[in-house]
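Each remark here refers to the structure printed beneath this line.
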Amino acid sequence: MTMNDLVSRNIRRFRSERELSLGELAQRAALSKQTLSKIEQGVGNPTVGTLESIANALGVSIRRLLTEWGTRGYVSRASEAAWKPSAVGEERSLDRIYGSGYVQTQIIVVDVENEARTIPAHSSGTLHQLYVIEGKLQVGPQNEEVCISAGDFLRFPGDVDHSYRSLGGRATAHVTTTAPQVPQFSPALDESRDRWGA
């Protein structure tokens, strides 16, 4: 799901709750009906000013258009899974939740053996929660790594350099990463550093 998808779903939800037609909301926001329609379909590219106008017309803060509110269930089918190459093998992103911070959950397949792969520290306050599905791993902050096997769970800080490697072949793990909100007016979040493979 992209940010455009999130914004479009939130606008439709709030408009429906207020029993406003597309034309009525467009008029209140001083936008053309066509522009609003594109945004609601997730194909528009609204500016911050446009989103602010829509939020004001709906009587909500702009933050509510950019945050997960009452999200419907989301299913990611195994048969439709998209796996991407990573520094250790492959990864499959499961979900990302937008809000005051974010939570990302994914499945990783680790096939790096013998030498531990070091991952640079993520933003301050980041935590990793790792559950081993299959195989054995050595994971954790540098000089504090632990060996874990299938069925084991490990929570460790992601805001320090950390490393991991497989022990005895490929290993599969479920990883949840939580990070606090990126400070306003700071450089954009480097998503390439949010993933295990970065």
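How things are named: the first chain in the structure tokens is A, the next is B, and so on; residues count from 1 in each chain; ligands count from 1 in the order shown.
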Residue contacts of stretch 167-169 of chain A (7 Å, only C-alpha atoms) excluding same-chain residues fewer than 4 positions away, as a ChimeraX atom specification
/A:111,113,136-138
Using only N, CA and C atoms, please write the residues we just selected to a file, as a CSV table (one decimal), in the first residue's frame.
chain,number,residue,atom,x,y,z
A,111,ASP,N,20.8,-16.2,4.2
A,111,ASP,CA,21.7,-17.2,3.7
A,111,ASP,C,23.2,-16.9,3.8
A,113,GLU,N,26.5,-17.1,5.7
A,113,GLU,CA,27.1,-17.9,6.7
A,113,GLU,C,28.6,-17.5,6.9
A,136,LYS,N,18.8,-21.6,12.2
A,136,LYS,CA,19.5,-21.0,13.4
A,136,LYS,C,20.1,-19.7,12.9
A,137,LEU,N,20.1,-18.8,13.8
A,137,LEU,CA,20.7,-17.5,13.6
A,137,LEU,C,21.6,-17.0,14.7
A,138,GLN,N,22.6,-16.2,14.4
A,138,GLN,CA,23.3,-15.4,15.4
A,138,GLN,C,23.0,-14.0,15.1
Using DSSP on the backbone, list every residue of stretch 1-195 of chain A that comes out as strand (DSSP E or B), and give them as a PyMOL selection string.
chain A and resi 84-85+89-98+102-110+117-119+127-134+136-141+146-149+153-157+162-166+171-179
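Using only C-alpha atoms, the protein and nucleic acid residues lying no more than 8 Å from A:Thr105, apart from those fewer than 6 places from it along its own chain, are A:Ser93, A:Leu94, A:Asp95, A:Arg96, A:His174, A:Val175, A:Thr176, A:Thr177.
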Any chance you could export the current selection's N, CA and C atoms as a PDB file, in the first residue's frame?
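The resulting file, result.pdb, is shown below:
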ATOM      1  N   SER A  93       8.398  -7.978   2.348  1.00  0.00           N
ATOM      2  CA  SER A  93       7.766  -7.016   3.238  1.00  0.00           C
ATOM      3  C   SER A  93       6.312  -7.427   3.446  1.00  0.00           C
ATOM      4  N   LEU A  94       5.884  -7.459   4.710  1.00  0.00           N
ATOM      5  CA  LEU A  94       4.522  -7.867   5.023  1.00  0.00           C
ATOM      6  C   LEU A  94       3.586  -6.685   5.209  1.00  0.00           C
ATOM      7  N   ASP A  95       4.074  -5.626   5.853  1.00  0.00           N
ATOM      8  CA  ASP A  95       3.185  -4.508   6.143  1.00  0.00           C
ATOM      9  C   ASP A  95       3.978  -3.318   6.617  1.00  0.00           C
ATOM     10  N   ARG A  96       3.386  -2.139   6.499  1.00  0.00           N
ATOM     11  CA  ARG A  96       3.924  -0.926   7.106  1.00  0.00           C
ATOM     12  C   ARG A  96       2.738  -0.092   7.542  1.00  0.00           C
ATOM     13  N   HIS A 174      10.702 -14.058  11.102  1.00  0.00           N
ATOM     14  CA  HIS A 174       9.711 -12.983  11.021  1.00  0.00           C
ATOM     15  C   HIS A 174      10.258 -11.832  11.845  1.00  0.00           C
ATOM     16  N   VAL A 175      10.349 -10.643  11.223  1.00  0.00           N
ATOM     17  CA  VAL A 175      10.929  -9.481  11.889  1.00  0.00           C
ATOM     18  C   VAL A 175       9.929  -8.337  11.913  1.00  0.00           C
ATOM     19  N   THR A 176       9.737  -7.747  13.077  1.00  0.00           N
ATOM     20  CA  THR A 176       8.931  -6.536  13.204  1.00  0.00           C
ATOM     21  C   THR A 176       9.855  -5.415  13.667  1.00  0.00           C
ATOM     22  N   THR A 177       9.823  -4.297  12.948  1.00  0.00           N
ATOM     23  CA  THR A 177      10.643  -3.135  13.290  1.00  0.00           C
ATOM     24  C   THR A 177       9.723  -1.999  13.690  1.00  0.00           C
TER      25      THR A 177
END
Do you know which residues are at most 8 Å from stretch 25-32 of chain A counting only C-alpha atoms, after dropping those on the same chain fewer than 6 positions away, and could you put them as an MDAnalysis selection string?
chainID A and resid 15 53:54 56:58
Point out the residue among A:Asp161, A:Glu90, A:Asp5, A:Glu40 with the least atom-to-atom distance to A:His122, counting only C-alpha atoms.
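So, comparing all the options, the nearest one is A:Asp161.
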Would you mind telling me which residue in A:Pro157, A:Pro46, A:Gly59, A:Gly89 lies nearest to A:Arg170 when using only C-alpha atoms?
A:Gly89
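Atom pair atom CA of A:Ser16 / atom CA of A:Val60 has a distance of 13.6 Å (rounded to one decimal).
Proximity to A:Ser61 was assessed for A:Ala173, A:Ala179, A:Ile11, A:Val160 counting only C-alpha atoms; the smallest distance is recorded for A:Ile11.
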Taking 5 positions as the minimum chain separation for residues in the same chain, which residues sit within 7 Å of A:Val110 when counting only C-alpha atoms? Answer as an MDAnalysis selection string.
chainID A and resid 88:89 165:166 170:172
Please give the complete set of residues from stretch 3-116 of chain A that DSSP, run on the backbone, assigns to alpha helix (DSSP H), formatted as a PyMOL selection string.
chain A and resi 3-17+22-28+33-40+48-58+62-65
Write a file of the selected residues as a PDB file, in the first residue's frame, keeping C-alpha atoms.
ATOM      1  CA  MET A   3       0.844   6.748   0.793  1.00  0.00           C
ATOM      2  CA  ASN A   4      -1.507   7.751  -2.059  1.00  0.00           C
ATOM      3  CA  ASP A   5      -3.620   4.664  -1.302  1.00  0.00           C
ATOM      4  CA  LEU A   6      -3.725   5.592   2.384  1.00  0.00           C
ATOM      5  CA  VAL A   7      -4.717   9.207   1.677  1.00  0.00           C
ATOM      6  CA  SER A   8      -7.398   8.221  -0.826  1.00  0.00           C
ATOM      7  CA  ARG A   9      -8.928   5.660   1.551  1.00  0.00           C
ATOM      8  CA  ASN A  10      -8.974   8.142   4.432  1.00  0.00           C
ATOM      9  CA  ILE A  11     -10.602  10.878   2.343  1.00  0.00           C
ATOM     10  CA  ARG A  12     -13.307   8.472   1.129  1.00  0.00           C
ATOM     11  CA  ARG A  13     -13.890   7.277   4.697  1.00  0.00           C
ATOM     12  CA  PHE A  14     -14.221  10.758   6.212  1.00  0.00           C
ATOM     13  CA  ARG A  15     -16.355  11.997   3.313  1.00  0.00           C
ATOM     14  CA  SER A  16     -18.691   9.017   3.684  1.00  0.00           C
ATOM     15  CA  GLU A  17     -18.961   9.525   7.462  1.00  0.00           C
ATOM     16  CA  LEU A  22     -17.772  14.217  -4.099  1.00  0.00           C
ATOM     17  CA  GLY A  23     -19.049  17.512  -5.509  1.00  0.00           C
ATOM     18  CA  GLU A  24     -19.912  18.910  -2.068  1.00  0.00           C
ATOM     19  CA  LEU A  25     -16.478  18.126  -0.655  1.00  0.00           C
ATOM     20  CA  ALA A  26     -14.769  19.526  -3.742  1.00  0.00           C
ATOM     21  CA  GLN A  27     -16.732  22.763  -3.375  1.00  0.00           C
ATOM     22  CA  ARG A  28     -15.902  23.072   0.334  1.00  0.00           C
ATOM     23  CA  LYS A  33     -14.492  17.654  -8.748  1.00  0.00           C
ATOM     24  CA  GLN A  34     -12.090  16.003 -11.208  1.00  0.00           C
ATOM     25  CA  THR A  35      -9.049  16.783  -9.023  1.00  0.00           C
ATOM     26  CA  LEU A  36     -10.723  15.385  -5.917  1.00  0.00           C
ATOM     27  CA  SER A  37     -11.889  12.317  -7.823  1.00  0.00           C
ATOM     28  CA  LYS A  38      -8.321  11.533  -8.903  1.00  0.00           C
ATOM     29  CA  ILE A  39      -7.068  11.906  -5.343  1.00  0.00           C
ATOM     30  CA  GLU A  40      -9.802   9.574  -4.053  1.00  0.00           C
ATOM     31  CA  VAL A  48       0.465  19.664   1.001  1.00  0.00           C
ATOM     32  CA  GLY A  49      -1.738  22.704   0.371  1.00  0.00           C
ATOM     33  CA  THR A  50      -4.344  20.579  -1.407  1.00  0.00           C
ATOM     34  CA  LEU A  51      -4.381  18.030   1.416  1.00  0.00           C
ATOM     35  CA  GLU A  52      -4.720  20.839   3.935  1.00  0.00           C
ATOM     36  CA  SER A  53      -7.730  22.227   2.031  1.00  0.00           C
ATOM     37  CA  ILE A  54      -9.371  18.790   1.971  1.00  0.00           C
ATOM     38  CA  ALA A  55      -8.651  18.214   5.673  1.00  0.00           C
ATOM     39  CA  ASN A  56     -10.137  21.600   6.577  1.00  0.00           C
ATOM     40  CA  ALA A  57     -13.217  20.869   4.472  1.00  0.00           C
ATOM     41  CA  LEU A  58     -13.643  17.557   6.298  1.00  0.00           C
ATOM     42  CA  ILE A  62      -4.085  16.915   7.899  1.00  0.00           C
ATOM     43  CA  ARG A  63      -2.396  14.274  10.051  1.00  0.00           C
ATOM     44  CA  ARG A  64      -5.577  12.209   9.943  1.00  0.00           C
ATOM     45  CA  LEU A  65      -5.303  11.973   6.168  1.00  0.00           C
TER      46      LEU A  65
END
At what distance in Å, to one decimal, does atom CA of A:Leu154 lie from atom CA of A:Val139?
8.5 Å
Report, in Å to a single decimal, how far apart atom CA of A:Cys147 and atom CA of A:Gly135 are.
10.8 Å
